[in-house]
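Accompanying notes for the structure given below.
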Amino acid sequence: MAFPDLLDKVGDLGKFQLLQNVALLVPIILLTSQNMIENFSAAVPRHRCWVPLLDNGTAQASLPGAPGPEALLAVSIPLGPDQQPHRCRRFQHPQWQLLDPNNTATNGSEAATEPCLDGWVYDYSTFTSTIVTTWDLVCDFQAMKPMAQSIFLSGVMAGAAVYGHISDRFGRRKVLTWNYLQVAVSGTVAAFVPTFSLYCLFRFLVAFGVAGIMMNTTTLLMEWTSAKSRTVTMIFNFMGFSFGQMLTGAVAYGVRRWPLLQLAISVPFFICFLYSWWLPESARWLIITGKLDRGLRELQRVAIINGKKTVQDTLTMEALLSAMREELGGDQATIKLSTLLSTPVLRLRICVSMLCWFAFGFCFYGVALDLQSLGSNMFLLQVLIGAMDFLSKIFTLLLMNYLGRRSIQASSLVLAGLCVLANTQVPQEMGALRSALALLGLGSLGSTFACISIFSGELFPTVLRMRAVGLCQMEARMGAFLGPLTRMLSTHSPSIPLFIYGSVTVLGGLATLLLPETKNLPLPDTMQDVQKQAVKKPARPTPAAPSVLKSTQF
């Protein structure tokens, strides 16, 4: 394959790659906040029904004897199943007999109650406002919160399906620039909409753009680096997801009003949109799709940025045509999506990859998307999840070039599944152990994400890469969509959802063993490259790989 040789001439790990990584890292950090923000912007505070005796100053002042707030609460709101004031019911009439010390609880429980006809009173000690308090998404309307979450995840799923095909046709950078603008505009508008339905619509559009950013960022980085430096480049970018999770907890701690929080993670995308015009298009994609003039100009531009100005004299159209003769000989631009299923080698790869992506999304979002159920300090939990994710990706970086992609992906998925399955046997009273197992499992899934994002891209040729990655991303979001819904089975037994999460994840890890190893192999550009790799064993690690890792550990 000739493109790696061209990349070596212009520089595969120089100043350009450093600037590109930094430019693409900032949107990834912000993108993670878009994914996790509804842990805070849609948090459900403590609440109760609005009642005149407590919340109408005139009615309270007219009472003889001036009873205190606790007494007025007792006669106005019945006790719920947790022996705390009920969140969704109130007495039809004040039950003054409950203040009698000789009264029994039975009299109160038999009194007529009604729903919160006049609205709710919320506890604003943690959040000044959330979408729950803005549109009263509680009691009979509590299903609206997970619906908003599902609509967002369905937007990412739809975006993964659409933008994978569009990027293969129109280019990576052009679509990425549009995605930045889409997220910036839609996210900003979502902070000002007057109705819940419009909020869901614009959050869906945000998610649609988020999918395109994730896929095109990964693909641009992979197609501008060689096999020996690809791991370092990609892991550096994946750190953005870890920093994003920690940043989400920190920003949410400081900004307690959901519209301001939504603006804080959306407006910076306007800046990303402006500087994205500087980013070059993938020269690999340009050449393979027949846009040779643009591909040559992008290679010459990168050579200048990397300080290899003398290459410009030798890197001519004739040299490019000579080097890429084999890749340009076939009609690669006409390859269709159906090739993934009609070709036996690619069919196995896409099916296993989709299963692994589904298992990752299913388990991660099923466990981590409802921080309120994991503990009282949601902000600290979010930061801890990000820190664990960061450490797991560092661990992956140190091992991937030595153990390979397949073994890392298989072991991390299996370990995550075993941690979740272990929690089915831990009593609810052992909260510390359950939390530790959950964090270890989420950390293993962080390692999975770092590995699977590289591994999946390396399995498919350039002419089909974005469409294949788009299908995998769609499966991940399908898993994310179903993960929170599976929690509804906990009404039968708390162990059922955990058993399903763990089993699916272990299955994905074992299926990974069916895939070929791609360590130290150049990216395949054509179908012929894939066929050649299918009958060859991966090359032994080159001496350069450890030195690249060592030079980037600072």
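Labeling convention for the structure tokens: chains A, B, ... as they appear, residues from 1 per chain, ligands from 1 in order of appearance.
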Determine, counting only C-alpha atoms, which protein, DNA and RNA residues have an atom within 8 Å of an atom of Ser444 in chain A; residues of the same chain fewer than 3 positions away are not included. Present the result as a compact mmCIF listing (two decimals) with N, CA and C atoms, in the first residue's frame.
# COMPACT_ATOMS: atom_id res chain seq x y z
N ASP A 389 -12.16 6.70 33.93
CA ASP A 389 -12.09 6.57 32.48
C ASP A 389 -10.71 7.00 31.97
N SER A 392 -8.06 4.30 32.84
CA SER A 392 -8.20 3.10 32.03
C SER A 392 -7.66 3.32 30.62
N SER A 412 -11.24 -6.30 28.10
CA SER A 412 -11.93 -5.19 28.76
C SER A 412 -13.45 -5.39 28.76
N LEU A 413 -13.98 -5.92 27.67
CA LEU A 413 -15.42 -6.19 27.65
C LEU A 413 -15.79 -7.29 28.64
N LEU A 415 -14.14 -8.18 31.38
CA LEU A 415 -13.98 -7.69 32.75
C LEU A 415 -15.14 -6.79 33.16
N ALA A 416 -15.57 -5.91 32.25
CA ALA A 416 -16.72 -5.06 32.56
C ALA A 416 -17.96 -5.89 32.82
N LEU A 440 -15.22 0.11 38.57
CA LEU A 440 -14.27 -0.74 37.86
C LEU A 440 -14.84 -1.17 36.52
N GLY A 441 -16.13 -1.50 36.51
CA GLY A 441 -16.76 -1.89 35.26
C GLY A 441 -16.80 -0.74 34.26
N SER A 447 -11.76 1.66 28.66
CA SER A 447 -10.70 0.99 27.90
C SER A 447 -11.25 0.38 26.62
N THR A 448 -12.44 -0.20 26.72
CA THR A 448 -13.09 -0.76 25.53
C THR A 448 -13.30 0.31 24.47
Residues near Asp12 in chain A, cut-off 10 Å, only C-alpha atoms, skip fewer than 6 positions along chain, as a ChimeraX atom specification: /A:4-6,223-230,302-303,306
Residues from the last selection, N, CA, C and O atoms, saved as a CSV table (one decimal), in the first residue's frame:
chain,number,residue,atom,x,y,z
A,4,PRO,N,0.8,5.1,3.0
A,4,PRO,CA,1.7,5.2,4.1
A,4,PRO,C,3.0,5.8,3.7
A,4,PRO,O,3.7,6.5,4.5
A,5,ASP,N,3.5,5.4,2.6
A,5,ASP,CA,4.8,5.9,2.1
A,5,ASP,C,4.7,7.4,1.8
A,5,ASP,O,5.7,8.2,2.2
A,6,LEU,N,3.6,7.8,1.2
A,6,LEU,CA,3.4,9.3,1.0
A,6,LEU,C,3.3,10.0,2.4
A,6,LEU,O,3.9,11.1,2.5
A,223,GLU,N,-6.7,8.7,9.5
A,223,GLU,CA,-6.3,8.8,8.1
A,223,GLU,C,-5.1,9.8,7.9
A,223,GLU,O,-4.6,9.8,6.8
A,224,TRP,N,-4.7,10.5,8.9
A,224,TRP,CA,-3.6,11.4,8.8
A,224,TRP,C,-2.4,10.9,9.6
A,224,TRP,O,-1.4,11.6,9.9
A,225,THR,N,-2.5,9.6,10.1
A,225,THR,CA,-1.4,9.0,10.9
A,225,THR,C,-1.1,7.6,10.4
A,225,THR,O,-1.9,7.0,9.8
A,226,SER,N,0.2,7.2,10.6
A,226,SER,CA,0.6,5.8,10.2
A,226,SER,C,0.3,4.8,11.3
A,226,SER,O,-0.1,5.2,12.4
A,227,ALA,N,0.5,3.6,11.0
A,227,ALA,CA,0.2,2.5,12.0
A,227,ALA,C,0.9,2.6,13.3
A,227,ALA,O,0.4,2.4,14.3
A,228,LYS,N,2.2,3.0,13.2
A,228,LYS,CA,3.1,3.1,14.4
A,228,LYS,C,2.7,4.2,15.3
A,228,LYS,O,2.9,4.1,16.5
A,229,SER,N,2.1,5.3,14.8
A,229,SER,CA,1.8,6.4,15.6
A,229,SER,C,0.3,6.6,15.9
A,229,SER,O,-0.1,7.5,16.6
A,230,ARG,N,-0.5,5.7,15.3
A,230,ARG,CA,-2.0,5.9,15.3
A,230,ARG,C,-2.5,5.7,16.7
A,230,ARG,O,-3.4,6.4,17.2
A,302,VAL,N,0.5,19.9,4.4
A,302,VAL,CA,1.0,19.2,5.6
A,302,VAL,C,2.5,19.1,5.7
A,302,VAL,O,3.1,19.3,6.7
A,303,ALA,N,3.1,18.9,4.5
A,303,ALA,CA,4.6,18.8,4.5
A,303,ALA,C,5.2,20.2,4.9
A,303,ALA,O,6.2,20.2,5.7
A,306,ASN,N,4.8,20.6,8.7
A,306,ASN,CA,5.7,19.7,9.4
A,306,ASN,C,7.2,20.0,9.2
A,306,ASN,O,8.1,19.3,9.6
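Distances from A:Ala111, A:Leu292, A:Ala71, A:Phe238 to Arg90 in chain A were compared using only C-alpha atoms, and the smallest one belongs to A:Ala111.
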Hey, what's within 12 Å of range 117-127 of chain A if we count only C-alpha atoms and toss same-chain stuff fewer than 3 positions away? As a PDB file with N, CA, C and O atoms, in the first residue's frame, please?
ATOM      1  N   ASN A  39     -27.878  14.330  33.285  1.00  0.00           N
ATOM      2  CA  ASN A  39     -27.753  13.893  34.673  1.00  0.00           C
ATOM      3  C   ASN A  39     -28.004  15.052  35.630  1.00  0.00           C
ATOM      4  O   ASN A  39     -28.442  14.851  36.769  1.00  0.00           O
ATOM      5  N   PHE A  40     -27.727  16.278  35.158  1.00  0.00           N
ATOM      6  CA  PHE A  40     -27.858  17.472  35.994  1.00  0.00           C
ATOM      7  C   PHE A  40     -28.990  18.381  35.519  1.00  0.00           C
ATOM      8  O   PHE A  40     -29.787  18.837  36.328  1.00  0.00           O
ATOM      9  N   SER A  41     -29.068  18.646  34.226  1.00  0.00           N
ATOM     10  CA  SER A  41     -30.119  19.533  33.725  1.00  0.00           C
ATOM     11  C   SER A  41     -31.498  18.899  33.838  1.00  0.00           C
ATOM     12  O   SER A  41     -32.508  19.602  33.824  1.00  0.00           O
ATOM     13  N   ALA A  42     -31.554  17.560  33.967  1.00  0.00           N
ATOM     14  CA  ALA A  42     -32.833  16.870  34.132  1.00  0.00           C
ATOM     15  C   ALA A  42     -32.920  16.165  35.481  1.00  0.00           C
ATOM     16  O   ALA A  42     -33.686  15.207  35.642  1.00  0.00           O
ATOM     17  N   ALA A  43     -32.148  16.633  36.459  1.00  0.00           N
ATOM     18  CA  ALA A  43     -32.204  16.044  37.798  1.00  0.00           C
ATOM     19  C   ALA A  43     -33.581  16.278  38.414  1.00  0.00           C
ATOM     20  O   ALA A  43     -34.221  17.312  38.180  1.00  0.00           O
ATOM     21  N   VAL A  44     -34.026  15.312  39.197  1.00  0.00           N
ATOM     22  CA  VAL A  44     -35.341  15.396  39.841  1.00  0.00           C
ATOM     23  C   VAL A  44     -35.148  15.770  41.307  1.00  0.00           C
ATOM     24  O   VAL A  44     -34.702  14.941  42.112  1.00  0.00           O
ATOM     25  N   PRO A  45     -35.470  17.000  41.704  1.00  0.00           N
ATOM     26  CA  PRO A  45     -35.324  17.384  43.109  1.00  0.00           C
ATOM     27  C   PRO A  45     -36.477  16.846  43.955  1.00  0.00           C
ATOM     28  O   PRO A  45     -37.492  16.370  43.427  1.00  0.00           O
ATOM     29  N   ARG A  46     -36.323  16.892  45.244  1.00  0.00           N
ATOM     30  CA  ARG A  46     -37.437  16.530  46.124  1.00  0.00           C
ATOM     31  C   ARG A  46     -38.581  17.496  45.882  1.00  0.00           C
ATOM     32  O   ARG A  46     -38.378  18.687  45.649  1.00  0.00           O
ATOM     33  N   HIS A  47     -39.808  16.985  45.962  1.00  0.00           N
ATOM     34  CA  HIS A  47     -40.963  17.818  45.650  1.00  0.00           C
ATOM     35  C   HIS A  47     -42.186  17.282  46.395  1.00  0.00           C
ATOM     36  O   HIS A  47     -42.201  16.149  46.877  1.00  0.00           O
ATOM     37  N   ARG A  48     -43.172  18.125  46.482  1.00  0.00           N
ATOM     38  CA  ARG A  48     -44.470  17.767  47.068  1.00  0.00           C
ATOM     39  C   ARG A  48     -45.536  18.613  46.415  1.00  0.00           C
ATOM     40  O   ARG A  48     -45.245  19.558  45.659  1.00  0.00           O
ATOM     41  N   CYS A  49     -46.788  18.293  46.700  1.00  0.00           N
ATOM     42  CA  CYS A  49     -47.900  19.073  46.156  1.00  0.00           C
ATOM     43  C   CYS A  49     -47.939  20.481  46.759  1.00  0.00           C
ATOM     44  O   CYS A  49     -47.576  20.690  47.930  1.00  0.00           O
ATOM     45  N   TRP A  50     -48.377  21.429  45.961  1.00  0.00           N
ATOM     46  CA  TRP A  50     -48.658  22.773  46.463  1.00  0.00           C
ATOM     47  C   TRP A  50     -49.949  22.705  47.261  1.00  0.00           C
ATOM     48  O   TRP A  50     -50.963  22.160  46.814  1.00  0.00           O
ATOM     49  N   VAL A  51     -49.929  23.253  48.496  1.00  0.00           N
ATOM     50  CA  VAL A  51     -51.124  23.262  49.349  1.00  0.00           C
ATOM     51  C   VAL A  51     -51.300  24.668  49.916  1.00  0.00           C
ATOM     52  O   VAL A  51     -50.311  25.333  50.250  1.00  0.00           O
ATOM     53  N   PRO A  52     -52.524  25.135  50.045  1.00  0.00           N
ATOM     54  CA  PRO A  52     -52.756  26.519  50.503  1.00  0.00           C
ATOM     55  C   PRO A  52     -52.210  26.802  51.890  1.00  0.00           C
ATOM     56  O   PRO A  52     -51.650  27.870  52.140  1.00  0.00           O
ATOM     57  N   LEU A  54     -49.651  25.804  53.442  1.00  0.00           N
ATOM     58  CA  LEU A  54     -48.208  25.980  53.501  1.00  0.00           C
ATOM     59  C   LEU A  54     -47.695  27.041  52.544  1.00  0.00           C
ATOM     60  O   LEU A  54     -46.726  27.752  52.840  1.00  0.00           O
ATOM     61  N   ASP A  55     -48.311  27.153  51.389  1.00  0.00           N
ATOM     62  CA  ASP A  55     -47.733  27.934  50.301  1.00  0.00           C
ATOM     63  C   ASP A  55     -48.533  29.179  49.948  1.00  0.00           C
ATOM     64  O   ASP A  55     -48.139  29.933  49.050  1.00  0.00           O
ATOM     65  N   ASN A  56     -49.640  29.402  50.650  1.00  0.00           N
ATOM     66  CA  ASN A  56     -50.412  30.622  50.477  1.00  0.00           C
ATOM     67  C   ASN A  56     -50.302  31.419  51.771  1.00  0.00           C
ATOM     68  O   ASN A  56     -50.850  31.041  52.800  1.00  0.00           O
ATOM     69  N   ILE A  77     -50.274  16.823  53.704  1.00  0.00           N
ATOM     70  CA  ILE A  77     -49.652  15.860  52.800  1.00  0.00           C
ATOM     71  C   ILE A  77     -49.585  14.502  53.491  1.00  0.00           C
ATOM     72  O   ILE A  77     -49.030  14.390  54.597  1.00  0.00           O
ATOM     73  N   HIS A  86     -45.610  12.459  50.896  1.00  0.00           N
ATOM     74  CA  HIS A  86     -45.865  11.934  49.552  1.00  0.00           C
ATOM     75  C   HIS A  86     -45.554  13.001  48.508  1.00  0.00           C
ATOM     76  O   HIS A  86     -45.857  14.178  48.685  1.00  0.00           O
ATOM     77  N   ARG A  87     -44.935  12.578  47.397  1.00  0.00           N
ATOM     78  CA  ARG A  87     -44.525  13.537  46.374  1.00  0.00           C
ATOM     79  C   ARG A  87     -45.626  13.861  45.376  1.00  0.00           C
ATOM     80  O   ARG A  87     -45.518  14.866  44.667  1.00  0.00           O
ATOM     81  N   CYS A  88     -46.654  13.020  45.327  1.00  0.00           N
ATOM     82  CA  CYS A  88     -47.640  13.176  44.252  1.00  0.00           C
ATOM     83  C   CYS A  88     -49.089  13.235  44.745  1.00  0.00           C
ATOM     84  O   CYS A  88     -50.008  13.305  43.918  1.00  0.00           O
ATOM     85  N   ARG A  89     -49.315  13.187  46.048  1.00  0.00           N
ATOM     86  CA  ARG A  89     -50.686  13.226  46.573  1.00  0.00           C
ATOM     87  C   ARG A  89     -50.776  14.246  47.702  1.00  0.00           C
ATOM     88  O   ARG A  89     -49.782  14.574  48.356  1.00  0.00           O
ATOM     89  N   ARG A  90     -51.985  14.733  47.919  1.00  0.00           N
ATOM     90  CA  ARG A  90     -52.269  15.611  49.048  1.00  0.00           C
ATOM     91  C   ARG A  90     -53.666  15.288  49.573  1.00  0.00           C
ATOM     92  O   ARG A  90     -54.496  14.707  48.865  1.00  0.00           O
ATOM     93  N   PHE A  91     -53.933  15.666  50.836  1.00  0.00           N
ATOM     94  CA  PHE A  91     -55.271  15.467  51.387  1.00  0.00           C
ATOM     95  C   PHE A  91     -56.245  16.427  50.708  1.00  0.00           C
ATOM     96  O   PHE A  91     -55.894  17.580  50.419  1.00  0.00           O
ATOM     97  N   GLN A  92     -57.464  15.925  50.487  1.00  0.00           N
ATOM     98  CA  GLN A  92     -58.495  16.811  49.924  1.00  0.00           C
ATOM     99  C   GLN A  92     -58.861  17.917  50.905  1.00  0.00           C
ATOM    100  O   GLN A  92     -59.146  19.046  50.495  1.00  0.00           O
ATOM    101  N   THR A 113     -57.542  11.470  49.443  1.00  0.00           N
ATOM    102  CA  THR A 113     -56.435  12.240  48.854  1.00  0.00           C
ATOM    103  C   THR A 113     -56.754  12.560  47.398  1.00  0.00           C
ATOM    104  O   THR A 113     -57.679  11.998  46.802  1.00  0.00           O
ATOM    105  N   GLU A 114     -55.944  13.426  46.838  1.00  0.00           N
ATOM    106  CA  GLU A 114     -56.092  13.820  45.437  1.00  0.00           C
ATOM    107  C   GLU A 114     -54.716  14.128  44.861  1.00  0.00           C
ATOM    108  O   GLU A 114     -53.756  14.356  45.601  1.00  0.00           O
ATOM    109  N   THR A 130     -34.221  22.941  36.769  1.00  0.00           N
ATOM    110  CA  THR A 130     -33.948  21.851  35.833  1.00  0.00           C
ATOM    111  C   THR A 130     -35.120  21.776  34.867  1.00  0.00           C
ATOM    112  O   THR A 130     -36.145  22.431  35.076  1.00  0.00           O
ATOM    113  N   ILE A 131     -34.987  20.962  33.827  1.00  0.00           N
ATOM    114  CA  ILE A 131     -36.131  20.837  32.918  1.00  0.00           C
ATOM    115  C   ILE A 131     -37.303  20.182  33.636  1.00  0.00           C
ATOM    116  O   ILE A 131     -38.467  20.374  33.246  1.00  0.00           O
ATOM    117  N   VAL A 132     -37.024  19.439  34.703  1.00  0.00           N
ATOM    118  CA  VAL A 132     -38.092  18.810  35.484  1.00  0.00           C
ATOM    119  C   VAL A 132     -38.911  19.857  36.209  1.00  0.00           C
ATOM    120  O   VAL A 132     -40.146  19.815  36.212  1.00  0.00           O
ATOM    121  N   THR A 133     -38.244  20.833  36.832  1.00  0.00           N
ATOM    122  CA  THR A 133     -38.984  21.880  37.550  1.00  0.00           C
ATOM    123  C   THR A 133     -39.604  22.893  36.580  1.00  0.00           C
ATOM    124  O   THR A 133     -40.632  23.486  36.896  1.00  0.00           O
ATOM    125  N   THR A 134     -38.990  23.093  35.426  1.00  0.00           N
ATOM    126  CA  THR A 134     -39.531  24.057  34.452  1.00  0.00           C
ATOM    127  C   THR A 134     -40.838  23.569  33.863  1.00  0.00           C
ATOM    128  O   THR A 134     -41.787  24.353  33.703  1.00  0.00           O
ATOM    129  N   TRP A 135     -40.907  22.286  33.522  1.00  0.00           N
ATOM    130  CA  TRP A 135     -42.106  21.759  32.873  1.00  0.00           C
ATOM    131  C   TRP A 135     -42.829  20.717  33.723  1.00  0.00           C
ATOM    132  O   TRP A 135     -43.682  19.982  33.211  1.00  0.00           O
ATOM    133  N   ASP A 136     -42.532  20.656  35.026  1.00  0.00           N
ATOM    134  CA  ASP A 136     -43.232  19.766  35.955  1.00  0.00           C
ATOM    135  C   ASP A 136     -43.258  18.317  35.466  1.00  0.00           C
ATOM    136  O   ASP A 136     -44.317  17.688  35.333  1.00  0.00           O
ATOM    137  N   LEU A 137     -42.078  17.758  35.215  1.00  0.00           N
ATOM    138  CA  LEU A 137     -41.973  16.386  34.716  1.00  0.00           C
ATOM    139  C   LEU A 137     -41.889  15.409  35.880  1.00  0.00           C
ATOM    140  O   LEU A 137     -40.921  14.658  36.036  1.00  0.00           O
ATOM    141  N   VAL A 138     -42.907  15.419  36.719  1.00  0.00           N
ATOM    142  CA  VAL A 138     -42.951  14.555  37.891  1.00  0.00           C
ATOM    143  C   VAL A 138     -44.310  13.880  37.957  1.00  0.00           C
ATOM    144  O   VAL A 138     -45.242  14.226  37.231  1.00  0.00           O
ATOM    145  N   CYS A 139     -44.390  12.889  38.856  1.00  0.00           N
ATOM    146  CA  CYS A 139     -45.643  12.165  39.106  1.00  0.00           C
ATOM    147  C   CYS A 139     -46.189  11.551  37.815  1.00  0.00           C
ATOM    148  O   CYS A 139     -45.513  10.770  37.174  1.00  0.00           O
ATOM    149  N   ASP A 140     -47.380  11.956  37.390  1.00  0.00           N
ATOM    150  CA  ASP A 140     -47.959  11.366  36.186  1.00  0.00           C
ATOM    151  C   ASP A 140     -47.153  11.691  34.931  1.00  0.00           C
ATOM    152  O   ASP A 140     -47.346  11.058  33.889  1.00  0.00           O
ATOM    153  N   PHE A 141     -46.263  12.670  35.006  1.00  0.00           N
ATOM    154  CA  PHE A 141     -45.464  13.078  33.845  1.00  0.00           C
ATOM    155  C   PHE A 141     -43.991  12.697  33.999  1.00  0.00           C
ATOM    156  O   PHE A 141     -43.152  13.173  33.244  1.00  0.00           O
ATOM    157  N   ALA A 252     -21.316  21.712  36.015  1.00  0.00           N
ATOM    158  CA  ALA A 252     -22.650  21.576  36.609  1.00  0.00           C
ATOM    159  C   ALA A 252     -22.650  21.995  38.074  1.00  0.00           C
ATOM    160  O   ALA A 252     -23.657  22.514  38.580  1.00  0.00           O
ATOM    161  N   TYR A 253     -21.535  21.787  38.766  1.00  0.00           N
ATOM    162  CA  TYR A 253     -21.438  22.225  40.158  1.00  0.00           C
ATOM    163  C   TYR A 253     -21.498  23.742  40.270  1.00  0.00           C
ATOM    164  O   TYR A 253     -22.079  24.283  41.217  1.00  0.00           O
ATOM    165  N   GLY A 254     -20.919  24.438  39.301  1.00  0.00           N
ATOM    166  CA  GLY A 254     -20.896  25.897  39.350  1.00  0.00           C
ATOM    167  C   GLY A 254     -22.100  26.560  38.721  1.00  0.00           C
ATOM    168  O   GLY A 254     -22.445  27.687  39.069  1.00  0.00           O
ATOM    169  N   VAL A 255     -22.752  25.870  37.775  1.00  0.00           N
ATOM    170  CA  VAL A 255     -23.909  26.438  37.071  1.00  0.00           C
ATOM    171  C   VAL A 255     -25.121  25.573  37.387  1.00  0.00           C
ATOM    172  O   VAL A 255     -25.263  24.473  36.859  1.00  0.00           O
ATOM    173  N   ARG A 256     -26.013  26.077  38.224  1.00  0.00           N
ATOM    174  CA  ARG A 256     -27.137  25.277  38.714  1.00  0.00           C
ATOM    175  C   ARG A 256     -28.445  25.553  37.978  1.00  0.00           C
ATOM    176  O   ARG A 256     -29.457  24.942  38.303  1.00  0.00           O
ATOM    177  N   ARG A 257     -28.447  26.459  36.998  1.00  0.00           N
ATOM    178  CA  ARG A 257     -29.648  26.716  36.185  1.00  0.00           C
ATOM    179  C   ARG A 257     -29.474  26.020  34.844  1.00  0.00           C
ATOM    180  O   ARG A 257     -28.490  26.258  34.133  1.00  0.00           O
ATOM    181  N   TRP A 258     -30.443  25.197  34.460  1.00  0.00           N
ATOM    182  CA  TRP A 258     -30.240  24.369  33.269  1.00  0.00           C
ATOM    183  C   TRP A 258     -30.094  25.182  31.979  1.00  0.00           C
ATOM    184  O   TRP A 258     -29.295  24.765  31.106  1.00  0.00           O
ATOM    185  N   PRO A 259     -30.793  26.319  31.766  1.00  0.00           N
ATOM    186  CA  PRO A 259     -30.552  27.040  30.504  1.00  0.00           C
ATOM    187  C   PRO A 259     -29.122  27.558  30.392  1.00  0.00           C
ATOM    188  O   PRO A 259     -28.511  27.487  29.316  1.00  0.00           O
ATOM    189  N   LEU A 260     -28.563  28.072  31.498  1.00  0.00           N
ATOM    190  CA  LEU A 260     -27.181  28.547  31.471  1.00  0.00           C
ATOM    191  C   LEU A 260     -26.210  27.388  31.286  1.00  0.00           C
ATOM    192  O   LEU A 260     -25.186  27.527  30.597  1.00  0.00           O
ATOM    193  N   LEU A 261     -26.519  26.239  31.869  1.00  0.00           N
ATOM    194  CA  LEU A 261     -25.673  25.064  31.699  1.00  0.00           C
ATOM    195  C   LEU A 261     -25.682  24.594  30.247  1.00  0.00           C
ATOM    196  O   LEU A 261     -24.641  24.243  29.682  1.00  0.00           O
ATOM    197  N   SER A 376     -25.668  10.354  46.552  1.00  0.00           N
ATOM    198  CA  SER A 376     -26.230  11.683  46.757  1.00  0.00           C
ATOM    199  C   SER A 376     -25.408  12.780  46.090  1.00  0.00           C
ATOM    200  O   SER A 376     -25.957  13.766  45.614  1.00  0.00           O
ATOM    201  N   ASN A 377     -24.082  12.616  46.050  1.00  0.00           N
ATOM    202  CA  ASN A 377     -23.222  13.649  45.470  1.00  0.00           C
ATOM    203  C   ASN A 377     -22.981  13.336  43.990  1.00  0.00           C
ATOM    204  O   ASN A 377     -21.998  12.694  43.618  1.00  0.00           O
ATOM    205  N   MET A 378     -23.890  13.783  43.141  1.00  0.00           N
ATOM    206  CA  MET A 378     -23.793  13.488  41.715  1.00  0.00           C
ATOM    207  C   MET A 378     -22.564  14.135  41.093  1.00  0.00           C
ATOM    208  O   MET A 378     -21.965  13.590  40.167  1.00  0.00           O
ATOM    209  N   PHE A 379     -22.191  15.309  41.556  1.00  0.00           N
ATOM    210  CA  PHE A 379     -21.051  16.033  40.985  1.00  0.00           C
ATOM    211  C   PHE A 379     -19.755  15.249  41.193  1.00  0.00           C
ATOM    212  O   PHE A 379     -18.944  15.086  40.269  1.00  0.00           O
TER     213      PHE A 379
END
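Restricting the calculation to only C-alpha atoms, the smallest distance between Asn216 in chain A and any of A:Val463, A:Leu398, A:Ala160, A:Leu7 is found for A:Ala160.
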List the spatial neighbours of Leu514 in chain A as a list in words - criterion: any atom at most 9 Å away, only C-alpha atoms, same-chain residues fewer than 4 positions off excluded. Leu348, Arg349, Val352, Arg406 and Leu510 of chain A
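If you count only C-alpha atoms and ignore residues fewer than 5 places along the chain from Phe16 in chain A, what sits within 12 Å of it is Leu7, Val10, Gly11, Asn21, Val22, Ala23, Leu221, Trp224, Thr225, Thr233, Trp278, Leu279, Pro280, Glu298, Leu299, Gln300, Arg301, Val302, Ala303, Ile304, Ile305, Asn306, Gly307 and Lys308 of chain A.
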Just the strand (DSSP E) stuff from range 50-211 of chain A, please, per backbone DSSP, written as a PyMOL selection string. chain A and resi 89-91+113-115+120-122
Could the residues in this selection be written to a file with C-alpha atoms, as an mmCIF file, in the first residue's frame?
data_model
loop_
_atom_site.group_PDB
_atom_site.id
_atom_site.type_symbol
_atom_site.label_atom_id
_atom_site.label_comp_id
_atom_site.auth_asym_id
_atom_site.auth_seq_id
_atom_site.Cartn_x
_atom_site.Cartn_y
_atom_site.Cartn_z
ATOM 1 C CA ARG A 89 -50.686 13.226 46.573
ATOM 2 C CA ARG A 90 -52.269 15.611 49.048
ATOM 3 C CA PHE A 91 -55.271 15.467 51.387
ATOM 4 C CA THR A 113 -56.435 12.240 48.854
ATOM 5 C CA GLU A 114 -56.092 13.820 45.437
ATOM 6 C CA PRO A 115 -53.298 14.484 42.931
ATOM 7 C CA TRP A 120 -45.729 21.245 42.939
ATOM 8 C CA VAL A 121 -43.255 22.813 45.320
ATOM 9 C CA TYR A 122 -39.632 21.878 44.651
#
Residues of range 353-397 of chain A within 10 Å of range 28-38 of chain A: nearest atom pair and distance (Å, one decimal) for each, counting only C-alpha atoms, sorted by chain and number, as a tab-separated table?
residue	atom	partner	partner_atom	distance
A:Tyr365	CA	A:Met36	CA	9.7
A:Ala368	CA	A:Met36	CA	9.1
A:Leu369	CA	A:Met36	CA	7.2
A:Asp370	CA	A:Glu38	CA	9.1
A:Leu371	CA	A:Met36	CA	9.9
A:Gln382	CA	A:Met36	CA	9.0
Please, could you write that set of residues out with N, CA, C and O atoms as a CSV table (one decimal), in the first residue's frame?
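Below you can see out-v9.csv, which holds the result:
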chain,number,residue,atom,x,y,z
A,365,TYR,N,-24.3,3.0,29.2
A,365,TYR,CA,-25.5,3.9,29.5
A,365,TYR,C,-26.5,3.3,30.4
A,365,TYR,O,-27.2,4.1,31.1
A,368,ALA,N,-24.4,4.1,33.9
A,368,ALA,CA,-23.8,5.4,34.2
A,368,ALA,C,-24.8,6.6,34.0
A,368,ALA,O,-24.5,7.7,34.4
A,369,LEU,N,-25.9,6.4,33.3
A,369,LEU,CA,-26.7,7.5,32.9
A,369,LEU,C,-27.6,8.0,34.0
A,369,LEU,O,-28.2,9.1,33.8
A,370,ASP,N,-27.8,7.3,35.1
A,370,ASP,CA,-28.7,7.7,36.2
A,370,ASP,C,-27.8,7.8,37.5
A,370,ASP,O,-27.9,7.0,38.3
A,371,LEU,N,-27.1,9.0,37.6
A,371,LEU,CA,-26.2,9.1,38.7
A,371,LEU,C,-27.0,9.3,40.0
A,371,LEU,O,-26.5,9.0,41.1
A,382,GLN,N,-19.7,12.1,39.0
A,382,GLN,CA,-19.3,12.3,37.6
A,382,GLN,C,-17.8,12.5,37.5
A,382,GLN,O,-17.2,12.1,36.5
